[in-house]
Amino acid sequence: MPEPLSLHAPPGPASAEHRTEAALERITRENGRTRIVTAVDAHGALAAARAADGRAARGTPLGPLDGRLVAVKDNLAVRGLPWTAGVGAYRDRIADRDAAVVAALRRAGAVLLGTLNMHEGALGATSDNPHFGRCQNPLREGFTPGGSSGGSGAAAAAGLVDVALGTDTMGSVRIPAAYCGTYGLKPTDGSLDRAGLAFLCPTLDTIGPVADDPALLLAAHEAMAGVSHPTVVAEPAALRFAVPRQIAEVDSEPCVRAALEIAVEWLRRRGAVVETVDLDGWEPSRARRGGLLLIEAEAAAILPDLLDASVAGVSADFRDCLAYGAGLSAARLVDALDRIKRAGDACRRALAAYDGLLLPTAPQRAFSFDVAPPPNQADFTSLANFGGCPAIAMPVAGPPGQLPASVQIIGTPYSESLLCALARMWEADTKAAGGS
């Protein structure tokens, strides 16, 4: 039997240097099996940790991220490390500078450990990568951590880092957060500089953080966005939420539907108004399929070199998706864009009347690598991408021995501080009630 995955960093001194050393040791000991990490910068991380400890000793920390351990999805550039986007053909591509968000986190004092595994090219939702290994879910070995930011969800849930960065095109930050039982934030479109991101679909790609502590989600977002929001005290009694009727159209596990009811009742106990509404124009599966067509078409335009069958380090599945996108007719793309626009318009219309939309994050929990991925994984998450709105995924503990489910709240543009405040309240109330 394989050694169980460690879910938390080993006990020891709380200094950033010791925590960094412990994380590096865990990577050396476990990563051959877990395949969460793709590259590390041990020297740079230890130097940054020592600098953070020095600031702490002088009483001059740079903020809430100073000395915090961070790692990023392998489609975000980290200077001096391979920048592969999960594609074997790019194994030897070395970033000569940091992505804008990585540079911002460094300025905030974060300790950059390295890069994290992901689904090949960010086009998929299992992170079963044919070039860099099958990324394991820390909650259950042999199960997917989700994708495409599977390594990000796994690293945060395993306690390997305090914050992990992923990218979210139709849910690729929130689905790993859901499958790994942690928190994930998809920010408002345009709120973060995407320089240094290896794009999959520029129309929809968004960068976002994953963390076990929702307070760190906001700290990371503010550091990356270069803004500081006033402290928000979530008062659900003053808020109104809508639950889309279309949720019932999506084949979801019973525990996912139960998790949604738990969240509805939580908001109502807190005094919020929660109503079921019809998001006229949103057809979850049709919209998600339209989004996939757009992704494949834009990816083919961005990565024409990978269409060449003589290029090594590209799986047949990924190349087939690119070839399919390259061959799409103008009529099909126009139809796909119409589906996306209708869904986005429906989302924004509802948010003109409500403070947030409450939905499941994914229709299912994490599943075994031995079964075919369900096609509807992004039916719920893609709505926020189509609307350009922020959204936060929050874990819902299952019965003992069962994997968690997850719910998400989609907010109005630039309401990240409110979403994170609600997540902090959810976390506190869940722990007080004895949940995990």
# chains A, B, ... in the order shown; residues from 1 in each chain; ligands from 1

call {"tool": "closest_atom_pairs", "arguments": {"of": "region 76-136 of chain A", "to": "region 23-45 of chain A", "cutoff": "9 Å", "atoms": "only C-alpha atoms", "output": "JSON lines"}}
result
{"residue": "A:Gly80", "atom": "CA", "partner": "A:Asp41", "partner_atom": "CA", "distance": 8.3}
{"residue": "A:Leu81", "atom": "CA", "partner": "A:Ala39", "partner_atom": "CA", "distance": 6.8}
{"residue": "A:Pro82", "atom": "CA", "partner": "A:Ala39", "partner_atom": "CA", "distance": 7.2}
{"residue": "A:Val111", "atom": "CA", "partner": "A:Ala45", "partner_atom": "CA", "distance": 5.4}
{"residue": "A:Leu112", "atom": "CA", "partner": "A:Ala45", "partner_atom": "CA", "distance": 5.5}
{"residue": "A:Leu113", "atom": "CA", "partner": "A:Ala45", "partner_atom": "CA", "distance": 5.4}
{"residue": "A:Gly114", "atom": "CA", "partner": "A:Val40", "partner_atom": "CA", "distance": 4.2}
{"residue": "A:Thr115", "atom": "CA", "partner": "A:Ala39", "partner_atom": "CA", "distance": 5.3}
{"residue": "A:Leu116", "atom": "CA", "partner": "A:Val37", "partner_atom": "CA", "distance": 4.4}
{"residue": "A:Asn117", "atom": "CA", "partner": "A:Ile36", "partner_atom": "CA", "distance": 5.4}
{"residue": "A:Met118", "atom": "CA", "partner": "A:Ile36", "partner_atom": "CA", "distance": 8.4}
{"residue": "A:Phe132", "atom": "CA", "partner": "A:Thr38", "partner_atom": "CA", "distance": 7.0}
{"residue": "A:Gly133", "atom": "CA", "partner": "A:Arg35", "partner_atom": "CA", "distance": 5.7}
{"residue": "A:Arg134", "atom": "CA", "partner": "A:Arg35", "partner_atom": "CA", "distance": 6.1}
{"residue": "A:Cys135", "atom": "CA", "partner": "A:Arg35", "partner_atom": "CA", "distance": 4.7}
{"residue": "A:Gln136", "atom": "CA", "partner": "A:Thr34", "partner_atom": "CA", "distance": 5.1}

call {"tool": "write_last_selection", "arguments": {"atoms": "C-alpha atoms", "output": "mmCIF file, in the first residue's frame"}}
result
data_model
loop_
_atom_site.group_PDB
_atom_site.id
_atom_site.type_symbol
_atom_site.label_atom_id
_atom_site.label_comp_id
_atom_site.auth_asym_id
_atom_site.auth_seq_id
_atom_site.Cartn_x
_atom_site.Cartn_y
_atom_site.Cartn_z
ATOM 1 C CA GLY A 80 14.301 30.878 -14.055
ATOM 2 C CA LEU A 81 11.842 27.961 -14.010
ATOM 3 C CA PRO A 82 10.319 25.937 -16.847
ATOM 4 C CA VAL A 111 7.803 32.978 -0.709
ATOM 5 C CA LEU A 112 7.601 31.479 -4.222
ATOM 6 C CA LEU A 113 8.236 27.748 -3.960
ATOM 7 C CA GLY A 114 7.768 26.910 -7.617
ATOM 8 C CA THR A 115 5.273 25.663 -10.172
ATOM 9 C CA LEU A 116 2.392 23.199 -10.011
ATOM 10 C CA ASN A 117 1.040 20.438 -12.216
ATOM 11 C CA MET A 118 -1.974 21.041 -14.425
ATOM 12 C CA PHE A 132 4.339 15.507 -15.939
ATOM 13 C CA GLY A 133 2.396 12.774 -14.192
ATOM 14 C CA ARG A 134 -1.036 12.108 -12.767
ATOM 15 C CA CYS A 135 -1.670 14.746 -10.096
ATOM 16 C CA GLN A 136 -3.257 13.121 -7.052
#

call {"tool": "select_by_dssp", "arguments": {"residues": "region 137-382 of chain A", "states": "strand (DSSP E)", "output": "PyMOL selection string"}}
result
chain A and resi 163-168+183-186+206-211+240-244+273-277+356-360

call {"tool": "write_last_selection", "arguments": {"atoms": "C-alpha atoms", "output": "tab-separated table (two decimals), in the first residue's frame"}}
result
chain	number	residue	atom	x	y	z
A	163	VAL	CA	-1.83	30.12	-1.42
A	164	ALA	CA	-1.73	28.57	-4.87
A	165	LEU	CA	-2.47	30.38	-8.11
A	166	GLY	CA	-4.47	28.81	-10.90
A	167	THR	CA	-6.30	29.96	-13.98
A	168	ASP	CA	-10.03	29.81	-14.52
A	183	TYR	CA	-11.64	27.62	-1.26
A	184	GLY	CA	-11.11	29.12	-4.71
A	185	LEU	CA	-11.67	32.63	-6.06
A	186	LYS	CA	-12.33	33.56	-9.68
A	206	THR	CA	-8.79	34.54	-15.60
A	207	ILE	CA	-6.12	34.15	-12.90
A	208	GLY	CA	-7.26	33.30	-9.38
A	209	PRO	CA	-6.04	32.01	-5.99
A	210	VAL	CA	-6.82	28.83	-4.06
A	211	ALA	CA	-6.35	28.61	-0.28
A	240	ARG	CA	-30.44	38.99	-1.33
A	241	PHE	CA	-29.40	35.86	-3.19
A	242	ALA	CA	-30.86	34.06	-6.18
A	243	VAL	CA	-30.74	30.32	-6.85
A	244	PRO	CA	-31.12	29.73	-10.61
A	273	VAL	CA	-33.34	36.54	1.40
A	274	VAL	CA	-32.87	33.53	-0.89
A	275	GLU	CA	-35.18	33.12	-3.88
A	276	THR	CA	-35.36	30.79	-6.86
A	277	VAL	CA	-35.21	32.69	-10.14
A	356	GLY	CA	-25.20	37.11	-5.49
A	357	LEU	CA	-26.15	33.91	-7.26
A	358	LEU	CA	-25.88	30.68	-5.27
A	359	LEU	CA	-25.15	27.46	-7.16
A	360	PRO	CA	-23.25	24.21	-6.74

call {"tool": "closest_residue", "arguments": {"among": "A:Ala22, A:Cys180, A:Ile175, A:Asp162", "to": "Pro138 (chain A)", "atoms": "only C-alpha atoms"}}
result
A:Cys180

call {"tool": "closest_residue", "arguments": {"among": "A:Met170, A:Ala421, A:Ala95, A:Ala56", "to": "Leu76 (chain A)", "atoms": "only C-alpha atoms"}}
result
A:Ala95

call {"tool": "closest_residue", "arguments": {"among": "A:Thr182, A:Thr144, A:Thr20, A:Ser172", "to": "Ala405 (chain A)", "atoms": "only C-alpha atoms"}}
result
A:Thr182

call {"tool": "select_by_dssp", "arguments": {"residues": "region 16-65 of chain A", "states": "helix (DSSP H, G or I)", "output": "JSON, numbers by chain"}}
result
{"A": [16, 17, 18, 19, 20, 21, 22, 23, 24, 25, 26, 27, 28, 29, 30, 31, 32, 33, 34, 42, 43, 44, 45, 46, 47, 48, 49, 50, 51, 52, 53, 54, 55, 56, 57, 58]}

call {"tool": "atom_distance", "arguments": {"atom1": "CA of Ala198 (chain A)", "atom2": "CA of Ala89 (chain A)"}}
result
13.6 Å

call {"tool": "residues_around", "arguments": {"residues": "Glu17 (chain A)", "least_positions_apart": "4", "cutoff": "9 Å", "atoms": "only C-alpha atoms", "output": "PyMOL selection string"}}
result
chain A and resi 13+21-22+45-53+67

call {"tool": "closest_residue", "arguments": {"among": "A:Leu123, A:Ala103, A:Leu204, A:Ala346", "to": "Asp317 (chain A)", "atoms": "only C-alpha atoms"}}
result
A:Leu123

call {"tool": "atom_distance", "arguments": {"atom1": "CA of Pro363 (chain A)", "atom2": "CA of Arg257 (chain A)"}}
result
8.3 Å

call {"tool": "residues_around", "arguments": {"residues": "Asp308 (chain A)", "least_positions_apart": "2", "cutoff": "12 Å", "atoms": "only C-alpha atoms", "output": "list of chain:residue names"}}
result
A:Ala89, A:Ala300, A:Leu303, A:Pro304, A:Asp305, A:Leu306, A:Ser310, A:Val311, A:Ala312, A:Gly313, A:Val314, A:Ser315, A:Ala316, A:Phe318, A:Arg319, A:Asp320, A:Leu322, A:Ala323

call {"tool": "residues_around", "arguments": {"residues": "region 396-398 of chain A", "least_positions_apart": "6", "cutoff": "12 Å", "atoms": "only C-alpha atoms", "output": "MDAnalysis selection string"}}
result
chainID A and resid 139 177:183 254:263 266 360:362 365 404:408 423 426:427 429:431 433:436

call {"tool": "residues_around", "arguments": {"residues": "Thr412 (chain A)", "least_positions_apart": "4", "cutoff": "10 Å", "atoms": "only C-alpha atoms", "output": "PDB file with all heavy atoms, in the first residue's frame"}}
result
ATOM      1  N   THR A 188     -13.036  39.165 -10.808  1.00  0.00           N
ATOM      2  CA  THR A 188     -13.691  39.906 -11.887  1.00  0.00           C
ATOM      3  C   THR A 188     -12.778  39.975 -13.102  1.00  0.00           C
ATOM      4  O   THR A 188     -11.575  40.227 -12.980  1.00  0.00           O
ATOM      5  CB  THR A 188     -14.003  41.333 -11.414  1.00  0.00           C
ATOM      6  OG1 THR A 188     -14.772  41.276 -10.210  1.00  0.00           O
ATOM      7  CG2 THR A 188     -14.776  42.106 -12.477  1.00  0.00           C
ATOM      8  N   CYS A 347     -26.744  36.239 -16.503  1.00  0.00           N
ATOM      9  CA  CYS A 347     -26.042  36.365 -15.220  1.00  0.00           C
ATOM     10  C   CYS A 347     -26.055  37.813 -14.733  1.00  0.00           C
ATOM     11  O   CYS A 347     -26.418  38.092 -13.582  1.00  0.00           O
ATOM     12  CB  CYS A 347     -24.604  35.854 -15.388  1.00  0.00           C
ATOM     13  SG  CYS A 347     -23.562  35.984 -13.921  1.00  0.00           S
ATOM     14  N   ARG A 348     -25.688  38.725 -15.600  1.00  0.00           N
ATOM     15  CA  ARG A 348     -25.612  40.136 -15.191  1.00  0.00           C
ATOM     16  C   ARG A 348     -26.992  40.727 -14.906  1.00  0.00           C
ATOM     17  O   ARG A 348     -27.135  41.558 -13.997  1.00  0.00           O
ATOM     18  CB  ARG A 348     -24.884  40.942 -16.262  1.00  0.00           C
ATOM     19  CG  ARG A 348     -23.386  40.611 -16.359  1.00  0.00           C
ATOM     20  CD  ARG A 348     -22.672  41.548 -17.318  1.00  0.00           C
ATOM     21  NE  ARG A 348     -23.128  41.351 -18.691  1.00  0.00           N
ATOM     22  CZ  ARG A 348     -22.595  40.490 -19.543  1.00  0.00           C
ATOM     23  NH1 ARG A 348     -21.587  39.724 -19.167  1.00  0.00           N
ATOM     24  NH2 ARG A 348     -23.060  40.390 -20.782  1.00  0.00           N
ATOM     25  N   ALA A 350     -29.530  39.128 -13.608  1.00  0.00           N
ATOM     26  CA  ALA A 350     -29.920  38.660 -12.275  1.00  0.00           C
ATOM     27  C   ALA A 350     -29.172  39.422 -11.186  1.00  0.00           C
ATOM     28  O   ALA A 350     -29.744  39.767 -10.141  1.00  0.00           O
ATOM     29  CB  ALA A 350     -29.654  37.156 -12.163  1.00  0.00           C
ATOM     30  N   LEU A 351     -27.888  39.698 -11.439  1.00  0.00           N
ATOM     31  CA  LEU A 351     -27.098  40.400 -10.424  1.00  0.00           C
ATOM     32  C   LEU A 351     -27.450  41.878 -10.328  1.00  0.00           C
ATOM     33  O   LEU A 351     -27.015  42.557  -9.394  1.00  0.00           O
ATOM     34  CB  LEU A 351     -25.614  40.215 -10.711  1.00  0.00           C
ATOM     35  CG  LEU A 351     -25.095  38.796 -10.430  1.00  0.00           C
ATOM     36  CD1 LEU A 351     -23.695  38.623 -10.980  1.00  0.00           C
ATOM     37  CD2 LEU A 351     -25.128  38.507  -8.925  1.00  0.00           C
ATOM     38  N   ALA A 352     -28.240  42.386 -11.249  1.00  0.00           N
ATOM     39  CA  ALA A 352     -28.748  43.751 -11.101  1.00  0.00           C
ATOM     40  C   ALA A 352     -29.814  43.821 -10.022  1.00  0.00           C
ATOM     41  O   ALA A 352     -30.082  44.893  -9.470  1.00  0.00           O
ATOM     42  CB  ALA A 352     -29.311  44.253 -12.431  1.00  0.00           C
ATOM     43  N   TYR A 354     -29.962  41.178  -7.449  1.00  0.00           N
ATOM     44  CA  TYR A 354     -29.520  40.397  -6.291  1.00  0.00           C
ATOM     45  C   TYR A 354     -28.048  40.678  -6.004  1.00  0.00           C
ATOM     46  O   TYR A 354     -27.302  41.112  -6.879  1.00  0.00           O
ATOM     47  CB  TYR A 354     -29.722  38.900  -6.541  1.00  0.00           C
ATOM     48  CG  TYR A 354     -31.172  38.488  -6.608  1.00  0.00           C
ATOM     49  CD1 TYR A 354     -31.864  38.480  -7.821  1.00  0.00           C
ATOM     50  CD2 TYR A 354     -31.860  38.119  -5.459  1.00  0.00           C
ATOM     51  CE1 TYR A 354     -33.193  38.116  -7.886  1.00  0.00           C
ATOM     52  CE2 TYR A 354     -33.200  37.750  -5.515  1.00  0.00           C
ATOM     53  CZ  TYR A 354     -33.855  37.750  -6.725  1.00  0.00           C
ATOM     54  OH  TYR A 354     -35.186  37.388  -6.778  1.00  0.00           O
ATOM     55  N   ASP A 355     -27.660  40.381  -4.766  1.00  0.00           N
ATOM     56  CA  ASP A 355     -26.263  40.568  -4.375  1.00  0.00           C
ATOM     57  C   ASP A 355     -25.388  39.404  -4.805  1.00  0.00           C
ATOM     58  O   ASP A 355     -24.164  39.548  -4.872  1.00  0.00           O
ATOM     59  CB  ASP A 355     -26.158  40.740  -2.855  1.00  0.00           C
ATOM     60  CG  ASP A 355     -26.911  41.963  -2.379  1.00  0.00           C
ATOM     61  OD1 ASP A 355     -26.421  43.079  -2.633  1.00  0.00           O
ATOM     62  OD2 ASP A 355     -27.991  41.807  -1.776  1.00  0.00           O
ATOM     63  N   GLY A 356     -25.986  38.262  -5.067  1.00  0.00           N
ATOM     64  CA  GLY A 356     -25.201  37.113  -5.494  1.00  0.00           C
ATOM     65  C   GLY A 356     -26.089  36.002  -6.005  1.00  0.00           C
ATOM     66  O   GLY A 356     -27.293  35.948  -5.715  1.00  0.00           O
ATOM     67  N   LEU A 357     -25.489  35.123  -6.795  1.00  0.00           N
ATOM     68  CA  LEU A 357     -26.149  33.911  -7.256  1.00  0.00           C
ATOM     69  C   LEU A 357     -25.532  32.732  -6.528  1.00  0.00           C
ATOM     70  O   LEU A 357     -24.300  32.621  -6.447  1.00  0.00           O
ATOM     71  CB  LEU A 357     -25.976  33.731  -8.768  1.00  0.00           C
ATOM     72  CG  LEU A 357     -26.389  34.886  -9.666  1.00  0.00           C
ATOM     73  CD1 LEU A 357     -26.134  34.523 -11.130  1.00  0.00           C
ATOM     74  CD2 LEU A 357     -27.849  35.242  -9.448  1.00  0.00           C
ATOM     75  N   ALA A 384     -20.084  32.238 -14.426  1.00  0.00           N
ATOM     76  CA  ALA A 384     -19.349  33.421 -13.966  1.00  0.00           C
ATOM     77  C   ALA A 384     -18.364  33.896 -15.019  1.00  0.00           C
ATOM     78  O   ALA A 384     -18.160  35.110 -15.188  1.00  0.00           O
ATOM     79  CB  ALA A 384     -18.624  33.120 -12.656  1.00  0.00           C
ATOM     80  N   GLY A 387     -20.251  35.740 -17.671  1.00  0.00           N
ATOM     81  CA  GLY A 387     -20.718  37.036 -17.191  1.00  0.00           C
ATOM     82  C   GLY A 387     -19.601  37.983 -16.803  1.00  0.00           C
ATOM     83  O   GLY A 387     -19.859  39.163 -16.526  1.00  0.00           O
ATOM     84  N   GLY A 388     -18.357  37.497 -16.761  1.00  0.00           N
ATOM     85  CA  GLY A 388     -17.227  38.332 -16.365  1.00  0.00           C
ATOM     86  C   GLY A 388     -17.229  38.691 -14.896  1.00  0.00           C
ATOM     87  O   GLY A 388     -16.582  39.657 -14.478  1.00  0.00           O
ATOM     88  N   CYS A 389     -17.940  37.894 -14.072  1.00  0.00           N
ATOM     89  CA  CYS A 389     -18.167  38.234 -12.674  1.00  0.00           C
ATOM     90  C   CYS A 389     -17.262  37.424 -11.742  1.00  0.00           C
ATOM     91  O   CYS A 389     -16.828  36.329 -12.087  1.00  0.00           O
ATOM     92  CB  CYS A 389     -19.625  37.969 -12.302  1.00  0.00           C
ATOM     93  SG  CYS A 389     -20.793  38.978 -13.223  1.00  0.00           S
ATOM     94  N   PRO A 390     -17.019  37.923 -10.535  1.00  0.00           N
ATOM     95  CA  PRO A 390     -16.248  37.149  -9.572  1.00  0.00           C
ATOM     96  C   PRO A 390     -17.100  36.034  -8.976  1.00  0.00           C
ATOM     97  O   PRO A 390     -18.332  36.125  -8.935  1.00  0.00           O
ATOM     98  CB  PRO A 390     -15.874  38.180  -8.508  1.00  0.00           C
ATOM     99  CG  PRO A 390     -17.020  39.156  -8.528  1.00  0.00           C
ATOM    100  CD  PRO A 390     -17.434  39.234  -9.981  1.00  0.00           C
ATOM    101  N   ALA A 391     -16.438  34.986  -8.499  1.00  0.00           N
ATOM    102  CA  ALA A 391     -17.144  33.871  -7.872  1.00  0.00           C
ATOM    103  C   ALA A 391     -16.211  33.189  -6.896  1.00  0.00           C
ATOM    104  O   ALA A 391     -15.001  33.125  -7.123  1.00  0.00           O
ATOM    105  CB  ALA A 391     -17.634  32.880  -8.921  1.00  0.00           C
ATOM    106  N   GLU A 416     -15.198  41.108  -4.756  1.00  0.00           N
ATOM    107  CA  GLU A 416     -14.352  40.070  -4.167  1.00  0.00           C
ATOM    108  C   GLU A 416     -14.278  40.168  -2.650  1.00  0.00           C
ATOM    109  O   GLU A 416     -14.253  39.138  -1.946  1.00  0.00           O
ATOM    110  CB  GLU A 416     -12.933  40.141  -4.750  1.00  0.00           C
ATOM    111  CG  GLU A 416     -12.813  39.646  -6.180  1.00  0.00           C
ATOM    112  CD  GLU A 416     -13.129  40.690  -7.225  1.00  0.00           C
ATOM    113  OE1 GLU A 416     -13.545  41.817  -6.847  1.00  0.00           O
ATOM    114  OE2 GLU A 416     -12.968  40.397  -8.425  1.00  0.00           O
ATOM    115  N   LEU A 418     -16.543  41.220  -0.531  1.00  0.00           N
ATOM    116  CA  LEU A 418     -17.772  40.687   0.048  1.00  0.00           C
ATOM    117  C   LEU A 418     -17.796  39.164  -0.058  1.00  0.00           C
ATOM    118  O   LEU A 418     -18.152  38.465   0.902  1.00  0.00           O
ATOM    119  CB  LEU A 418     -18.988  41.285  -0.650  1.00  0.00           C
ATOM    120  CG  LEU A 418     -20.349  40.709  -0.238  1.00  0.00           C
ATOM    121  CD1 LEU A 418     -20.597  40.923   1.252  1.00  0.00           C
ATOM    122  CD2 LEU A 418     -21.471  41.307  -1.069  1.00  0.00           C
ATOM    123  N   LEU A 419     -17.424  38.620  -1.209  1.00  0.00           N
ATOM    124  CA  LEU A 419     -17.422  37.168  -1.375  1.00  0.00           C
ATOM    125  C   LEU A 419     -16.491  36.504  -0.369  1.00  0.00           C
ATOM    126  O   LEU A 419     -16.831  35.470   0.231  1.00  0.00           O
ATOM    127  CB  LEU A 419     -17.012  36.801  -2.798  1.00  0.00           C
ATOM    128  CG  LEU A 419     -17.961  37.229  -3.921  1.00  0.00           C
ATOM    129  CD1 LEU A 419     -17.383  36.816  -5.274  1.00  0.00           C
ATOM    130  CD2 LEU A 419     -19.353  36.639  -3.727  1.00  0.00           C
TER     131      LEU A 419
END
